[in-house]
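Take a look at the structure below.
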Amino acid sequence: TIFVAGKRSVEVRLTPVVYEMEGVVVDYQDPAVRAMREVIRRKRDWWLHLESHTAEVYTRQTLFSDNDIVGIRETVARVYSDWRQGTREMVQAKRYTSNVPEGLRDFSASDYAANLYADEVEILGNRVMGVTHPKALRNYLFQLVEEVERDGEGHLSIAVMPREGLAYGFAGHLLVREEDFALVEVNLKVVPPVQSPIFQTEQGIGISFEQEFRHVEPGAYLPVVLRYEMEGRFGSSAMGEEVKRQGGMTTSQSQPQGGVTFSQ
């Protein structure tokens with residue numbers, strides 16, 4: 001405090017005082033991480049309501065050797081899924097080309113079908129952590145690619161890849177509906193190629209999935225279409241060929257094939 005009465009000029013010297021404030025750390029977080037955190041949280045609210053459900057499944061598999069078709073087989077089945085008792089499948093119709101040997105004419109769609117919304121996905125005898133697993137944010141890298149509009153609604157296109165430490169993981173792209181933070185579409189491949197106890201292969205089996213999900217009650221999302229492709233050198237098959245690629249599709253919708261419609 002300085003008294004200046006009667007003085008025309010005053011010289012004031014100031015002593016600096018340093019104030020130390022609490023440090024602030026700025027940490028960037030990709031919007032995709034926040035979105036996936038919400039996807040995982042909301043999934044917990046409805047996933048347990050899916051104690052059991054029934055699906056009508058059409059499966060078509062095409063076996064290739066190089067670029068030639070070795071055989072085609074199809075089934076229509078009703079699949080019963082219960083998270084306590086597992087999965088049961090009843091084949092209602094089947095057909096196959098004449099070059100498919102008898103031992104391969106019966107096959108289970110549930111052995112190939114996968115729900116990529118699940119915490120863990122069993123693929124050819126291996127368990128792969130899903131992208132909505134409670135620990136997915138620790139084991140996957142998520143990055144926002146772009147915001148897109150589909151059917152008048154906002155969606156997030158998100159790239160995903162596994163971090164180091166996972167024996168098997170998913171890499172590819174996810175489409176998240178912003179309104180309720182739910183997966184509506186995925187395009188994923190398993191990395192690295194799967195070493196399967198089911199098939200003996202030289203360098204593993206490369207397998208990729210495309211899956212779409214549809215909103216059902218009570219707020220849950222279930223798969224309606226699954227397309228997959230497997231590729232690898234299987235060695236000699238029952239058809240006497242070296243099988244290079246195997247593709248298939250499962251869907252809950254009716255699919256006309258060769259003039260025949262399978263109705264579910």
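In the structure tokens, chains take the letters A, B, ... in the order shown, each chain's residues start at 1, and ligands count up from 1 in the order shown.
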
Please give the complete set of residues from region 2-98 of chain A that DSSP, run on the backbone, assigns to strand (DSSP E or B), formatted as a PyMOL selection string.
chain A and resi 52-65+68-82+86-96

Serialized selection, C-alpha atoms, as a short mmCIF file (atom, residue, chain, number, x, y, z; two decimals), in the first residue's frame:
```cif
data_model
loop_
_atom_site.label_atom_id
_atom_site.label_comp_id
_atom_site.auth_asym_id
_atom_site.auth_seq_id
_atom_site.Cartn_x
_atom_site.Cartn_y
_atom_site.Cartn_z
CA SER A 52 -32.72 -68.11 -25.47
CA HIS A 53 -33.84 -67.45 -29.03
CA THR A 54 -34.72 -69.32 -32.20
CA ALA A 55 -33.55 -68.53 -35.72
CA GLU A 56 -34.38 -69.79 -39.20
CA VAL A 57 -31.09 -70.28 -41.04
CA TYR A 58 -30.32 -70.85 -44.70
CA THR A 59 -26.71 -71.80 -45.45
CA ARG A 60 -25.03 -72.19 -48.80
CA GLN A 61 -21.42 -73.33 -49.14
CA THR A 62 -19.38 -73.36 -52.31
CA LEU A 63 -16.13 -75.32 -52.36
CA PHE A 64 -13.44 -74.19 -54.78
CA SER A 65 -10.23 -75.73 -56.03
CA ASP A 68 -13.06 -74.36 -60.25
CA ILE A 69 -16.15 -75.21 -58.22
CA VAL A 70 -15.69 -78.56 -56.53
CA GLY A 71 -19.12 -78.77 -54.95
CA ILE A 72 -22.10 -76.87 -53.54
CA ARG A 73 -24.21 -77.81 -50.54
CA GLU A 74 -27.16 -76.05 -48.91
CA THR A 75 -29.31 -76.50 -45.83
CA VAL A 76 -32.35 -74.88 -44.25
CA ALA A 77 -32.42 -75.33 -40.50
CA ARG A 78 -34.01 -74.09 -37.31
CA VAL A 79 -31.41 -73.22 -34.68
CA TYR A 80 -32.23 -73.08 -30.97
CA SER A 81 -29.75 -71.14 -28.85
CA ASP A 82 -29.65 -71.09 -25.06
CA GLY A 86 -25.76 -74.29 -25.85
CA THR A 87 -27.00 -74.55 -29.42
CA ARG A 88 -29.23 -77.17 -31.05
CA GLU A 89 -29.97 -77.37 -34.75
CA MET A 90 -32.70 -79.19 -36.68
CA VAL A 91 -32.15 -79.48 -40.44
CA GLN A 92 -35.44 -79.04 -42.31
CA ALA A 93 -34.21 -79.27 -45.90
CA LYS A 94 -30.95 -79.86 -47.74
CA ARG A 95 -29.60 -80.23 -51.23
CA TYR A 96 -26.18 -80.64 -52.82
#
```

Name the residues of region 30-117 of chain A that fall into helix (DSSP H, G or I) according to DSSP on the backbone, using the chain letters and numbers of this document, as a list in words.
Pro31, Ala32, Val33, Arg34, Ala35, Met36, Arg37, Glu38, Val39, Ile40, Arg41, Arg42, Lys43, Arg44, Asp45, Trp46, Trp47, Glu102, Gly103, Leu104, Ala109, Ser110 and Asp111 of chain A

Take the residues that were just selected and, keeping C-alpha atoms, output them as a compact mmCIF listing (two decimals), in the first residue's frame.
```
# COMPACT_ATOMS: atom_id res chain seq x y z
CA PRO A 31 -14.11 -40.48 -30.83
CA ALA A 32 -14.29 -44.14 -31.85
CA VAL A 33 -13.09 -45.15 -28.37
CA ARG A 34 -15.87 -43.17 -26.72
CA ALA A 35 -18.40 -44.64 -29.13
CA MET A 36 -17.27 -48.24 -28.55
CA ARG A 37 -17.27 -47.71 -24.80
CA GLU A 38 -20.94 -46.78 -25.09
CA VAL A 39 -21.65 -49.71 -27.45
CA ILE A 40 -20.17 -52.10 -24.87
CA ARG A 41 -22.04 -50.47 -21.98
CA ARG A 42 -25.41 -50.57 -23.69
CA LYS A 43 -24.90 -54.14 -24.83
CA ARG A 44 -24.64 -55.19 -21.19
CA ASP A 45 -28.20 -53.89 -20.66
CA TRP A 46 -29.85 -56.11 -23.27
CA TRP A 47 -27.50 -59.06 -23.77
CA GLU A 102 -21.96 -88.79 -49.00
CA GLY A 103 -19.84 -88.02 -45.95
CA LEU A 104 -20.06 -84.27 -46.63
CA ALA A 109 -24.78 -74.41 -40.14
CA SER A 110 -24.06 -73.57 -36.49
CA ASP A 111 -20.51 -74.92 -36.95
```

Who sits within 6 Å of region 202-218 of chain A, only C-alpha atoms, same chain under 3 positions skipped, as a list of chain:residue names
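Listed by chain and then number, they are A:Val184, A:Glu185, A:Val186, A:Asn187, A:Leu188, A:Lys189, A:Val190, A:Pro193, A:Val194, A:Gln195, A:Tyr221, A:Leu222, A:Pro223, A:Val224, A:Val225, A:Leu226, A:Arg227, A:Tyr228, A:Glu229, A:Met230, A:Glu231, A:Gly232.
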
All residues 6 Å or closer to region 150-160 of chain A, only C-alpha atoms, same chain fewer than 4 positions away omitted, as a ChimeraX atom specification
/A:141-146,171-178

Give me, please, the distance in Å between CA of Ala167 (chain A) and CA of Val191 (chain A), quoted to one decimal.
8.5 Å

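Closest approach to Phe181 (chain A) from the set A:Gly219, A:Gly130, A:Gly23, A:Gly6 is made by A:Gly219, with distances taken over only C-alpha atoms.
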